[in-house]
$ cat coords.txt   # compact mmCIF, C-alpha atoms
# COMPACT_ATOMS: atom_id res chain seq x y z
CA MET A 1 40.76 70.32 115.95
CA ALA A 2 41.66 67.96 118.79
CA GLY A 3 43.29 69.25 121.92
CA PRO A 4 47.04 68.70 122.24
CA ALA A 5 48.74 66.43 124.75
CA THR A 6 50.29 67.81 127.90
CA GLY A 7 53.23 70.13 127.42
CA SER A 8 51.71 72.27 124.65
CA PRO A 9 48.82 74.48 125.75
CA ILE A 10 46.40 75.94 123.23
CA ALA A 11 46.43 79.72 122.79
CA LEU A 12 42.92 81.08 122.44
CA THR A 13 44.48 84.21 121.00
CA SER A 14 45.60 82.15 117.99
CA ARG A 15 42.10 80.85 117.25
CA ALA A 16 39.63 82.68 114.99
CA PRO A 17 37.45 79.89 113.56
CA HIS A 18 35.09 80.36 110.63
CA VAL A 19 31.54 79.30 111.46
CA PRO A 20 29.27 78.78 108.42
CA ALA A 21 25.69 79.99 108.73
CA ASP A 22 24.28 76.46 108.42
CA ARG A 23 26.33 75.43 111.45
CA LEU A 24 24.82 78.28 113.45
CA VAL A 25 21.37 76.79 112.76
CA ALA A 26 22.41 73.18 113.38
CA GLU A 27 24.00 74.12 116.70
CA MET A 28 20.86 75.73 118.07
CA VAL A 29 20.40 72.94 120.62
CA PRO A 30 20.91 72.91 124.40
CA PRO A 31 24.63 73.19 125.25
CA PRO A 32 26.54 70.08 126.45
CA ARG A 33 26.03 71.05 130.11
CA PHE A 34 22.30 70.47 129.59
CA ASP A 35 22.36 67.31 127.44
CA SER A 36 20.96 65.13 130.19
CA VAL A 37 18.63 67.53 131.99
CA ARG A 38 14.97 66.62 132.15
CA PHE A 39 11.94 67.68 134.17
CA ASP A 40 12.39 64.50 136.22
CA ASN A 41 15.87 65.46 137.43
CA TYR A 42 15.03 69.06 138.28
CA ILE A 43 14.73 69.07 142.07
CA PRO A 44 12.45 71.89 143.24
CA ASP A 45 13.27 73.65 146.49
CA ALA A 46 10.51 72.72 148.94
CA LYS A 47 10.68 76.27 150.29
CA GLN A 48 10.00 77.72 146.84
CA PRO A 49 6.63 76.39 145.55
CA SER A 50 7.00 78.38 142.33
CA GLN A 51 9.71 75.93 141.25
CA ALA A 52 7.41 72.88 141.41
CA GLU A 53 4.70 74.91 139.70
CA ALA A 54 7.07 75.76 136.86
CA VAL A 55 7.77 72.05 136.25
CA GLN A 56 4.05 71.33 136.02
CA VAL A 57 3.30 74.27 133.74
CA LEU A 58 6.17 73.51 131.38
CA GLY A 59 5.35 69.80 131.27
CA GLY A 60 1.84 70.67 130.19
CA PHE A 61 3.18 73.20 127.68
CA ALA A 62 5.42 70.55 126.09
CA ALA A 63 2.57 68.04 125.94
CA GLY A 64 0.42 70.63 124.19
CA LEU A 65 2.98 70.95 121.39
CA GLY A 66 2.22 67.48 120.02
CA GLY A 67 0.38 66.90 116.77
CA ALA A 68 1.16 68.20 113.31
CA SER A 69 4.72 69.21 112.67
CA ALA A 70 6.80 70.84 109.99
CA SER A 71 8.78 67.60 109.88
CA GLY A 72 5.69 65.59 108.98
CA THR A 73 4.01 64.90 105.66
CA GLY A 74 2.96 68.51 105.25
CA ARG A 75 6.60 69.60 105.40
CA LYS A 76 6.93 73.37 105.15
CA ARG A 77 3.22 74.01 104.79
CA TRP A 78 2.41 72.32 108.17
CA PHE A 79 -0.95 73.55 109.52
CA ARG A 80 0.07 77.19 109.61
CA ARG A 81 -1.64 78.27 106.41
CA GLU A 82 -4.77 76.28 107.16
CA ALA A 83 -5.35 77.20 110.81
CA LYS A 84 -5.34 80.39 112.82
CA PRO A 85 -2.79 80.73 115.63
CA ALA A 86 -4.07 79.82 119.07
CA ALA A 87 -5.59 82.67 121.05
CA GLY A 88 -3.60 84.16 123.91
CA PRO A 89 0.16 84.01 124.51
CA ARG A 90 2.01 81.53 122.33
CA GLY A 91 4.90 81.22 124.77
CA VAL A 92 6.10 80.99 128.35
CA TYR A 93 8.60 83.31 129.98
CA LEU A 94 10.66 82.07 132.94
CA ASP A 95 11.67 84.94 135.18
CA GLY A 96 13.89 84.54 138.22
CA GLY A 97 17.27 85.16 139.82
CA TYR A 98 20.61 83.66 138.92
CA GLY A 99 21.03 79.92 139.31
CA VAL A 100 17.45 78.96 140.20
CA GLY A 101 17.35 76.44 137.36
CA LYS A 102 15.73 78.43 134.56
CA THR A 103 18.04 77.09 131.87
CA HIS A 104 17.63 73.54 133.24
CA LEU A 105 13.87 73.93 132.82
CA LEU A 106 14.15 75.55 129.39
CA ALA A 107 16.40 72.74 128.14
CA SER A 108 14.05 70.18 129.69
CA LEU A 109 11.20 71.73 127.71
CA TRP A 110 13.26 71.43 124.53
CA HIS A 111 13.96 67.75 125.24
CA ALA A 112 10.33 67.04 126.16
CA THR A 113 8.80 68.67 123.08
CA PRO A 114 7.71 65.96 120.62
CA ALA A 115 9.62 67.06 117.54
CA ALA A 116 12.85 66.13 115.78
CA PRO A 117 15.87 68.20 116.88
CA GLU A 118 15.99 69.99 113.54
CA HIS A 119 12.47 71.30 114.18
CA LYS A 120 13.06 72.85 117.57
CA ALA A 121 15.70 75.46 118.33
CA PHE A 122 17.52 76.49 121.50
CA GLY A 123 19.88 79.42 121.80
CA THR A 124 20.73 82.50 123.79
CA PHE A 125 19.34 85.88 122.85
CA VAL A 126 22.79 86.84 121.53
CA GLU A 127 22.95 83.69 119.40
CA LEU A 128 19.53 84.47 117.94
CA THR A 129 20.55 87.98 116.92
CA ASN A 130 23.80 86.56 115.52
CA LEU A 131 21.74 84.12 113.44
CA VAL A 132 19.78 87.00 111.94
CA GLY A 133 23.07 88.72 111.17
CA ALA A 134 24.37 85.61 109.40
CA LEU A 135 21.24 84.62 107.48
CA GLY A 136 19.40 87.89 107.08
CA PHE A 137 15.96 88.59 108.53
CA GLN A 138 13.79 86.97 105.86
CA GLN A 139 15.88 83.79 105.66
CA THR A 140 15.85 83.51 109.46
CA VAL A 141 12.05 83.76 109.43
CA ARG A 142 11.82 81.08 106.71
CA THR A 143 14.24 78.80 108.53
CA LEU A 144 12.67 79.05 111.98
CA SER A 145 9.07 79.06 110.74
CA ASP A 146 9.37 75.32 110.19
CA HIS A 147 10.12 74.81 113.87
CA ARG A 148 7.64 73.72 116.48
CA LEU A 149 9.48 75.46 119.34
CA LEU A 150 12.02 78.24 119.76
CA CYS A 151 13.71 78.46 123.17
CA ILE A 152 15.57 81.70 123.93
CA ASP A 153 17.87 81.69 126.95
CA GLU A 154 19.07 84.87 128.68
CA PHE A 155 16.55 87.09 126.94
CA GLU A 156 17.63 90.70 127.31
CA LEU A 157 17.24 93.77 125.14
CA ASP A 158 20.34 95.93 125.04
CA ASP A 159 19.52 98.53 122.40
CA PRO A 160 16.62 99.86 120.32
CA GLY A 161 17.74 97.98 117.22
CA ASP A 162 17.53 94.64 119.00
CA THR A 163 14.11 95.56 120.36
CA VAL A 164 12.63 96.18 116.92
CA LEU A 165 14.47 93.21 115.37
CA VAL A 166 13.36 90.64 117.94
CA SER A 167 9.84 92.01 118.15
CA SER A 168 9.46 91.68 114.38
CA LEU A 169 11.06 88.24 114.26
CA LEU A 170 8.98 86.73 117.06
CA GLY A 171 5.82 88.26 115.65
CA LYS A 172 6.46 86.52 112.32
CA LEU A 173 7.24 83.22 114.02
CA VAL A 174 4.12 83.33 116.18
CA GLU A 175 2.06 83.97 113.05
CA ALA A 176 3.68 80.87 111.56
CA GLY A 177 2.61 78.76 114.54
CA VAL A 178 5.95 78.52 116.31
CA ALA A 179 5.74 78.20 120.11
CA LEU A 180 8.12 80.32 122.19
CA ALA A 181 9.85 79.87 125.52
CA ALA A 182 12.36 82.20 127.10
CA THR A 183 14.34 82.82 130.26
CA SER A 184 15.55 86.08 131.69
CA ASN A 185 16.01 88.00 134.90
CA THR A 186 13.60 90.69 133.71
CA LEU A 187 9.85 90.38 133.29
CA PRO A 188 8.83 90.82 129.63
CA GLY A 189 7.02 94.09 130.27
CA LYS A 190 10.19 95.53 131.88
CA LEU A 191 12.65 94.57 129.13
CA GLY A 192 14.98 97.39 128.19
CA GLU A 193 14.62 99.40 131.39
CA GLY A 194 17.82 101.15 132.42
CA ARG A 195 19.49 100.52 129.05
CA PHE A 196 17.90 102.92 126.58
CA ALA A 197 14.87 105.19 126.35
CA ALA A 198 12.40 102.35 126.81
CA ALA A 199 9.45 104.73 126.53
CA ASP A 200 10.40 105.42 122.92
CA PHE A 201 10.02 101.74 122.13
CA LEU A 202 7.10 100.93 124.42
CA ARG A 203 4.95 99.57 121.61
CA GLU A 204 7.61 97.08 120.55
CA ILE A 205 8.29 95.99 124.14
CA GLN A 206 4.59 95.52 124.84
CA GLY A 207 4.32 93.53 121.63
CA LEU A 208 7.03 91.18 122.85
CA SER A 209 5.35 90.83 126.22
CA ALA A 210 2.06 89.83 124.60
CA HIS A 211 3.67 86.69 123.18
CA PHE A 212 4.50 85.26 126.62
CA ARG A 213 2.84 84.04 129.79
CA PRO A 214 5.22 85.12 132.60
CA LEU A 215 6.18 82.35 135.01
CA ARG A 216 8.05 83.54 138.11
CA ILE A 217 10.62 81.16 139.65
CA ASP A 218 11.88 82.14 143.09
CA GLY A 219 15.00 80.85 144.82
CA GLU A 220 18.63 81.44 145.75
CA ASP A 221 21.62 81.48 143.44
CA TYR A 222 22.95 77.95 144.01
CA ARG A 223 26.34 78.89 142.62
CA HIS A 224 26.91 81.24 145.56
CA ARG A 225 25.47 79.19 148.42
CA GLY A 226 28.20 78.89 151.01
CA LEU A 227 30.71 80.76 148.84
CA PRO A 228 29.69 84.40 148.34
CA GLN A 229 33.10 85.50 147.01
CA ALA A 230 35.20 84.34 144.09
CA PRO A 231 38.11 81.99 144.93
CA VAL A 232 41.50 83.56 145.59
CA PRO A 233 43.53 83.54 142.34
CA PHE A 234 46.75 81.55 141.99
CA ASP A 235 50.15 82.95 141.02
CA ASP A 236 51.38 83.08 137.42
CA ASP A 237 53.78 80.17 137.85
CA THR A 238 51.09 77.84 139.20
CA VAL A 239 48.68 78.73 136.39
CA THR A 240 51.37 78.22 133.74
CA ARG A 241 52.58 74.95 135.27
CA THR A 242 49.03 73.63 135.40
CA ALA A 243 48.38 74.59 131.78
CA TYR A 244 51.42 72.60 130.62
CA ALA A 245 50.42 69.62 132.74
CA THR A 246 46.75 69.51 131.64
CA ALA A 247 45.79 67.89 128.34
CA GLY A 248 43.67 70.20 126.21
CA ALA A 249 44.33 73.28 128.35
CA SER A 250 44.70 76.77 126.95
CA LEU A 251 47.09 79.40 128.30
CA ASP A 252 46.68 83.11 127.59
CA ASP A 253 47.55 86.46 129.06
CA PHE A 254 44.23 88.04 130.07
CA PRO A 255 44.77 91.48 128.47
CA SER A 256 45.85 89.80 125.22
CA LEU A 257 42.77 87.59 125.27
CA LEU A 258 40.49 90.61 125.72
CA ASP A 259 42.16 92.27 122.75
CA HIS A 260 41.68 89.10 120.68
CA LEU A 261 37.97 88.95 121.54
CA SER A 262 37.54 92.34 119.88
CA LYS A 263 38.72 90.78 116.60
CA VAL A 264 36.47 87.68 116.69
CA HIS A 265 32.71 87.92 116.29
CA PRO A 266 30.91 86.74 119.45
CA SER A 267 29.00 84.14 117.41
CA ARG A 268 32.35 82.37 117.00
CA TYR A 269 33.38 82.29 120.66
CA GLY A 270 31.82 78.86 121.13
CA ALA A 271 33.78 77.38 118.23
CA MET A 272 36.91 79.09 119.54
CA CYS A 273 36.48 77.17 122.80
CA ASP A 274 35.45 73.82 121.28
CA PRO A 275 38.77 71.96 121.70
CA VAL A 276 39.56 73.42 125.12
CA ARG A 277 39.26 71.33 128.30
CA ALA A 278 40.54 73.98 130.71
CA VAL A 279 41.23 77.71 130.38
CA CYS A 280 44.30 79.10 132.13
CA LEU A 281 44.66 82.88 132.34
CA THR A 282 47.48 84.98 133.73
CA GLY A 283 47.24 88.61 134.77
CA VAL A 284 43.49 88.93 135.23
CA GLU A 285 42.64 92.57 135.82
CA PRO A 286 39.51 94.75 135.92
CA VAL A 287 37.93 95.36 132.53
CA GLY A 288 38.25 98.97 131.49
CA ASP A 289 35.34 99.57 129.12
CA GLN A 290 31.83 98.33 128.53
CA SER A 291 32.32 96.91 125.02
CA THR A 292 35.16 94.71 126.26
CA ALA A 293 33.13 93.73 129.32
CA LEU A 294 30.17 92.60 127.20
CA ARG A 295 32.42 90.47 125.01
CA LEU A 296 33.83 88.86 128.14
CA VAL A 297 30.27 88.09 129.28
CA VAL A 298 29.65 86.15 126.06
CA LEU A 299 32.90 84.20 126.48
CA ALA A 300 31.97 83.37 130.08
CA ASP A 301 28.60 82.06 128.88
CA ARG A 302 30.19 79.81 126.25
CA LEU A 303 32.73 78.43 128.76
CA TYR A 304 30.00 77.79 131.30
CA ASP A 305 27.84 76.02 128.71
CA ARG A 306 30.75 73.70 127.97
CA GLU A 307 31.71 73.23 131.63
CA VAL A 308 35.28 74.39 130.97
CA PRO A 309 37.12 75.11 134.26
CA VAL A 310 38.98 78.42 134.47
CA LEU A 311 42.23 78.79 136.42
CA ALA A 312 43.53 82.32 136.79
CA SER A 313 46.12 84.56 138.38
CA GLY A 314 45.76 88.27 139.11
CA ARG A 315 42.54 89.73 140.47
CA PRO A 316 39.56 87.59 141.58
CA PHE A 317 36.62 87.40 139.22
CA ASP A 318 34.32 89.39 141.49
CA GLU A 319 36.59 92.40 140.85
CA LEU A 320 36.34 92.27 137.05
CA PHE A 321 33.70 94.96 136.68
CA SER A 322 33.62 98.44 138.17
CA GLU A 323 30.93 99.66 140.55
CA GLU A 324 29.64 101.86 137.75
CA MET A 325 29.21 98.82 135.50
CA LEU A 326 27.58 96.76 138.23
CA ASN A 327 25.10 99.55 138.90
CA GLY A 328 24.39 100.27 135.24
CA GLY A 329 22.00 98.94 132.64
CA TYR A 330 23.98 95.76 131.96
CA ARG A 331 24.37 94.83 135.63
CA LYS A 332 22.45 91.55 135.26
CA LYS A 333 24.82 90.36 132.56
CA TYR A 334 27.85 91.24 134.67
CA PHE A 335 26.51 89.51 137.77
CA ARG A 336 25.75 86.43 135.66
CA ALA A 337 29.31 86.44 134.31
CA ILE A 338 30.80 86.75 137.79
CA SER A 339 28.58 83.94 139.05
CA ARG A 340 29.53 81.64 136.19
CA LEU A 341 33.25 82.40 136.24
CA THR A 342 33.26 81.86 140.00
CA ALA A 343 31.71 78.42 139.51
CA LEU A 344 34.28 77.55 136.82
CA ALA A 345 37.13 78.81 139.05
CA ARG A 346 35.99 76.43 141.77
CA ASP A 347 35.93 73.59 139.24
CA ALA A 348 39.52 74.36 138.25
CA LYS A 349 40.97 73.81 141.73
CA SER A 350 41.26 70.04 141.17
CA LEU A 351 43.59 70.67 138.22
CA VAL A 352 46.19 72.69 140.10
CA VAL A 353 49.79 71.49 139.90
CA GLU A 354 51.77 72.91 142.82

$ encode --input "coords.txt" --output "structure tokens"
Amino acid sequence: MAGPATGSPIALTSRAPHVPADRLVAEMVPPPRFDSVRFDNYIPDAKQPSQAEAVQVLGGFAAGLGGASASGTGRKRWFRREAKPAAGPRGVYLDGGYGVGKTHLLASLWHATPAAPEHKAFGTFVELTNLVGALGFQQTVRTLSDHRLLCIDEFELDDPGDTVLVSSLLGKLVEAGVALAATSNTLPGKLGEGRFAAADFLREIQGLSAHFRPLRIDGEDYRHRGLPQAPVPFDDDTVTRTAYATAGASLDDFPSLLDHLSKVHPSRYGAMCDPVRAVCLTGVEPVGDQSTALRLVVLADRLYDREVPVLASGRPFDELFSEEMLNGGYRKKYFRAISRLTALARDAKSLVVE
């Protein structure tokens, strides 16, 4: 659905799109923000040698994925049934802080891998688990087993069920010859710490870790350099006026939007945002519970992927989550959401109609 002309903002609270399972698979590609990224336009920080090393390692990893492919004459049989999987880790794991370019590098790897787009997949950890929910475990294994590469962005384990699910899925894919690459802020051996009784699932976590070669990337969060705090929000009238003056803008009351998110599956948040060119929110306030907060994190990720500016009134984005949340097991997700919403709030300043 195309965005409307000025004078008639979209209401995200009125959108609950249906997303067929086949679309979930077809859309497992780098988001629009990363369409043009390549290893060549990743600029390593001279003070952080691990960044240049990561480019070299990943370039070699991509080059090593050439050769037979599921898209070739062998089709689904490929070489998997005729050859044993390579010894050692079948993947790379990019670990580092927020904004050091991990997703840039992961998307560059996807672009550099010599395979047709339909035979390499890119998605967030949440999108991968949503795919399993849509297709079922066995069909997901069959579908992704024909891929040469699976890239998983923002890899985090939030509960025991996800631990067992992802461990089983990746194990099957590695057996099928699929290469893996992932990003996270947590080393693979430390996944799940602070969220659930990790010791009870140590075997599964160690199994996941065995699939990856950890690659540490050091650096600062570029989204916060020179601007450690979120921009000061605007007043309701300014936000509303800007929404009506901006083609393709949405306009929603923040509490109403949070309520709407509880009624739409997170796998559909991207489609919900597809026609939107700017998000305008009135009455932003701290989020009261963790389930709502985690849904907001997913929405922030989808908006950031699509480079959709966010103009808001009420409280600044760095006050969205309580101290308890920021010190809890999901703190990395919340800090990522604040970082991304802060960047999008800065982008929205050029739209303001006084």

$ atom_distance --input "coords.txt" --atom1 "CA of Ala345 in chain A" --atom2 "CA of Gly248 in chain A"
16.8 Å

$ closest_residue --input "coords.txt" --among "A:Ala243, A:Leu261, A:Glu307, A:Val297" --to "Phe34 in chain A" --atoms "all atoms listed in the file"
A:Glu307

$ residues_near_point --input "coords.txt" --point "(20.1, 76.6, 120.4)" --cutoff "6 Å" --atoms "all atoms listed in the file" --output "list in words"
Glu27, Met28, Val29, Pro30, Ala121, Phe122 and Gly123 of chain A

$ closest_residue --input "coords.txt" --among "A:Arg90, A:Gln139, A:Ala249, A:Gly161" --to "Val174 in chain A" --atoms "only C-alpha atoms"
A:Arg90

$ residues_around --input "coords.txt" --residues "His260 in chain A" --least-positions-apart "2" --cutoff "9 Å" --atoms "all atoms listed in the file" --output "VMD selection string"
chain A and resid 12 to 16 255 to 258 262 to 264

$ atom_distance --input "coords.txt" --atom1 "CA of Thr246 in chain A" --atom2 "CA of Val352 in chain A"
9.1 Å

$ build_atoms --input "coords.txt" --residues "range 137-171 of chain A" --atoms "N, CA and C atoms" --output "PDB file, in the coordinates of the input"
ATOM      1  N   PHE A 137      17.230  88.696 107.816  1.00  0.00           N
ATOM      2  CA  PHE A 137      15.960  88.590 108.530  1.00  0.00           C
ATOM      3  C   PHE A 137      14.993  87.622 107.842  1.00  0.00           C
ATOM      4  N   GLN A 138      14.787  87.783 106.550  1.00  0.00           N
ATOM      5  CA  GLN A 138      13.790  86.970 105.860  1.00  0.00           C
ATOM      6  C   GLN A 138      14.172  85.492 105.865  1.00  0.00           C
ATOM      7  N   GLN A 139      15.455  85.195 105.657  1.00  0.00           N
ATOM      8  CA  GLN A 139      15.880  83.790 105.660  1.00  0.00           C
ATOM      9  C   GLN A 139      15.763  83.196 107.062  1.00  0.00           C
ATOM     10  N   THR A 140      16.024  83.998 108.086  1.00  0.00           N
ATOM     11  CA  THR A 140      15.850  83.510 109.460  1.00  0.00           C
ATOM     12  C   THR A 140      14.385  83.176 109.725  1.00  0.00           C
ATOM     13  N   VAL A 141      13.485  84.039 109.272  1.00  0.00           N
ATOM     14  CA  VAL A 141      12.050  83.760 109.430  1.00  0.00           C
ATOM     15  C   VAL A 141      11.684  82.473 108.712  1.00  0.00           C
ATOM     16  N   ARG A 142      12.142  82.303 107.472  1.00  0.00           N
ATOM     17  CA  ARG A 142      11.820  81.080 106.710  1.00  0.00           C
ATOM     18  C   ARG A 142      12.371  79.848 107.397  1.00  0.00           C
ATOM     19  N   THR A 143      13.598  79.954 107.904  1.00  0.00           N
ATOM     20  CA  THR A 143      14.240  78.800 108.530  1.00  0.00           C
ATOM     21  C   THR A 143      13.540  78.396 109.820  1.00  0.00           C
ATOM     22  N   LEU A 144      13.252  79.363 110.687  1.00  0.00           N
ATOM     23  CA  LEU A 144      12.670  79.050 111.980  1.00  0.00           C
ATOM     24  C   LEU A 144      11.164  78.835 111.926  1.00  0.00           C
ATOM     25  N   SER A 145      10.511  79.266 110.853  1.00  0.00           N
ATOM     26  CA  SER A 145       9.070  79.060 110.740  1.00  0.00           C
ATOM     27  C   SER A 145       8.693  77.597 110.633  1.00  0.00           C
ATOM     28  N   ASP A 146       9.620  76.752 110.265  1.00  0.00           N
ATOM     29  CA  ASP A 146       9.370  75.320 110.190  1.00  0.00           C
ATOM     30  C   ASP A 146       9.575  74.628 111.526  1.00  0.00           C
ATOM     31  N   HIS A 147       9.874  75.388 112.554  1.00  0.00           N
ATOM     32  CA  HIS A 147      10.120  74.810 113.870  1.00  0.00           C
ATOM     33  C   HIS A 147       8.841  74.768 114.693  1.00  0.00           C
ATOM     34  N   ARG A 148       8.772  73.797 115.566  1.00  0.00           N
ATOM     35  CA  ARG A 148       7.640  73.720 116.480  1.00  0.00           C
ATOM     36  C   ARG A 148       7.875  74.583 117.715  1.00  0.00           C
ATOM     37  N   LEU A 149       9.149  74.740 118.108  1.00  0.00           N
ATOM     38  CA  LEU A 149       9.480  75.460 119.340  1.00  0.00           C
ATOM     39  C   LEU A 149      10.773  76.225 119.173  1.00  0.00           C
ATOM     40  N   LEU A 150      10.787  77.446 119.675  1.00  0.00           N
ATOM     41  CA  LEU A 150      12.020  78.240 119.760  1.00  0.00           C
ATOM     42  C   LEU A 150      12.231  78.600 121.218  1.00  0.00           C
ATOM     43  N   CYS A 151      13.344  78.152 121.794  1.00  0.00           N
ATOM     44  CA  CYS A 151      13.710  78.460 123.170  1.00  0.00           C
ATOM     45  C   CYS A 151      14.811  79.520 123.159  1.00  0.00           C
ATOM     46  N   ILE A 152      14.600  80.605 123.897  1.00  0.00           N
ATOM     47  CA  ILE A 152      15.570  81.700 123.930  1.00  0.00           C
ATOM     48  C   ILE A 152      16.042  81.866 125.373  1.00  0.00           C
ATOM     49  N   ASP A 153      17.301  81.567 125.618  1.00  0.00           N
ATOM     50  CA  ASP A 153      17.870  81.690 126.950  1.00  0.00           C
ATOM     51  C   ASP A 153      18.493  83.075 127.113  1.00  0.00           C
ATOM     52  N   GLU A 154      18.434  83.588 128.334  1.00  0.00           N
ATOM     53  CA  GLU A 154      19.070  84.870 128.680  1.00  0.00           C
ATOM     54  C   GLU A 154      18.536  86.000 127.795  1.00  0.00           C
ATOM     55  N   PHE A 155      17.238  86.123 127.785  1.00  0.00           N
ATOM     56  CA  PHE A 155      16.550  87.090 126.940  1.00  0.00           C
ATOM     57  C   PHE A 155      16.704  88.485 127.528  1.00  0.00           C
ATOM     58  N   GLU A 156      17.445  89.333 126.855  1.00  0.00           N
ATOM     59  CA  GLU A 156      17.630  90.700 127.310  1.00  0.00           C
ATOM     60  C   GLU A 156      17.741  91.614 126.104  1.00  0.00           C
ATOM     61  N   LEU A 157      17.170  92.795 126.210  1.00  0.00           N
ATOM     62  CA  LEU A 157      17.240  93.770 125.140  1.00  0.00           C
ATOM     63  C   LEU A 157      18.230  94.856 125.514  1.00  0.00           C
ATOM     64  N   ASP A 158      19.247  95.017 124.693  1.00  0.00           N
ATOM     65  CA  ASP A 158      20.340  95.930 125.040  1.00  0.00           C
ATOM     66  C   ASP A 158      20.318  97.232 124.255  1.00  0.00           C
ATOM     67  N   ASP A 159      19.567  97.294 123.166  1.00  0.00           N
ATOM     68  CA  ASP A 159      19.520  98.530 122.400  1.00  0.00           C
ATOM     69  C   ASP A 159      18.242  98.561 121.573  1.00  0.00           C
ATOM     70  N   PRO A 160      17.869  99.731 121.082  1.00  0.00           N
ATOM     71  CA  PRO A 160      16.620  99.860 120.320  1.00  0.00           C
ATOM     72  C   PRO A 160      16.577  98.962 119.086  1.00  0.00           C
ATOM     73  N   GLY A 161      17.721  98.812 118.420  1.00  0.00           N
ATOM     74  CA  GLY A 161      17.740  97.980 117.220  1.00  0.00           C
ATOM     75  C   GLY A 161      17.347  96.546 117.519  1.00  0.00           C
ATOM     76  N   ASP A 162      17.878  96.006 118.612  1.00  0.00           N
ATOM     77  CA  ASP A 162      17.530  94.640 119.000  1.00  0.00           C
ATOM     78  C   ASP A 162      16.053  94.530 119.367  1.00  0.00           C
ATOM     79  N   THR A 163      15.516  95.573 119.985  1.00  0.00           N
ATOM     80  CA  THR A 163      14.110  95.560 120.360  1.00  0.00           C
ATOM     81  C   THR A 163      13.219  95.392 119.139  1.00  0.00           C
ATOM     82  N   VAL A 164      13.442  96.224 118.134  1.00  0.00           N
ATOM     83  CA  VAL A 164      12.630  96.180 116.920  1.00  0.00           C
ATOM     84  C   VAL A 164      12.862  94.865 116.180  1.00  0.00           C
ATOM     85  N   LEU A 165      14.129  94.436 116.092  1.00  0.00           N
ATOM     86  CA  LEU A 165      14.470  93.210 115.370  1.00  0.00           C
ATOM     87  C   LEU A 165      13.772  91.999 115.977  1.00  0.00           C
ATOM     88  N   VAL A 166      13.923  91.816 117.296  1.00  0.00           N
ATOM     89  CA  VAL A 166      13.360  90.640 117.940  1.00  0.00           C
ATOM     90  C   VAL A 166      11.842  90.699 117.965  1.00  0.00           C
ATOM     91  N   SER A 167      11.286  91.871 118.172  1.00  0.00           N
ATOM     92  CA  SER A 167       9.840  92.010 118.150  1.00  0.00           C
ATOM     93  C   SER A 167       9.285  91.585 116.794  1.00  0.00           C
ATOM     94  N   SER A 168       9.917  92.042 115.727  1.00  0.00           N
ATOM     95  CA  SER A 168       9.460  91.680 114.380  1.00  0.00           C
ATOM     96  C   SER A 168       9.631  90.191 114.109  1.00  0.00           C
ATOM     97  N   LEU A 169      10.778  89.643 114.509  1.00  0.00           N
ATOM     98  CA  LEU A 169      11.060  88.240 114.260  1.00  0.00           C
ATOM     99  C   LEU A 169      10.066  87.336 114.997  1.00  0.00           C
ATOM    100  N   LEU A 170       9.874  87.586 116.292  1.00  0.00           N
ATOM    101  CA  LEU A 170       8.980  86.730 117.060  1.00  0.00           C
ATOM    102  C   LEU A 170       7.541  86.873 116.599  1.00  0.00           C
ATOM    103  N   GLY A 171       7.164  88.079 116.183  1.00  0.00           N
ATOM    104  CA  GLY A 171       5.820  88.260 115.650  1.00  0.00           C
ATOM    105  C   GLY A 171       5.590  87.394 114.424  1.00  0.00           C
TER     106      GLY A 171
END
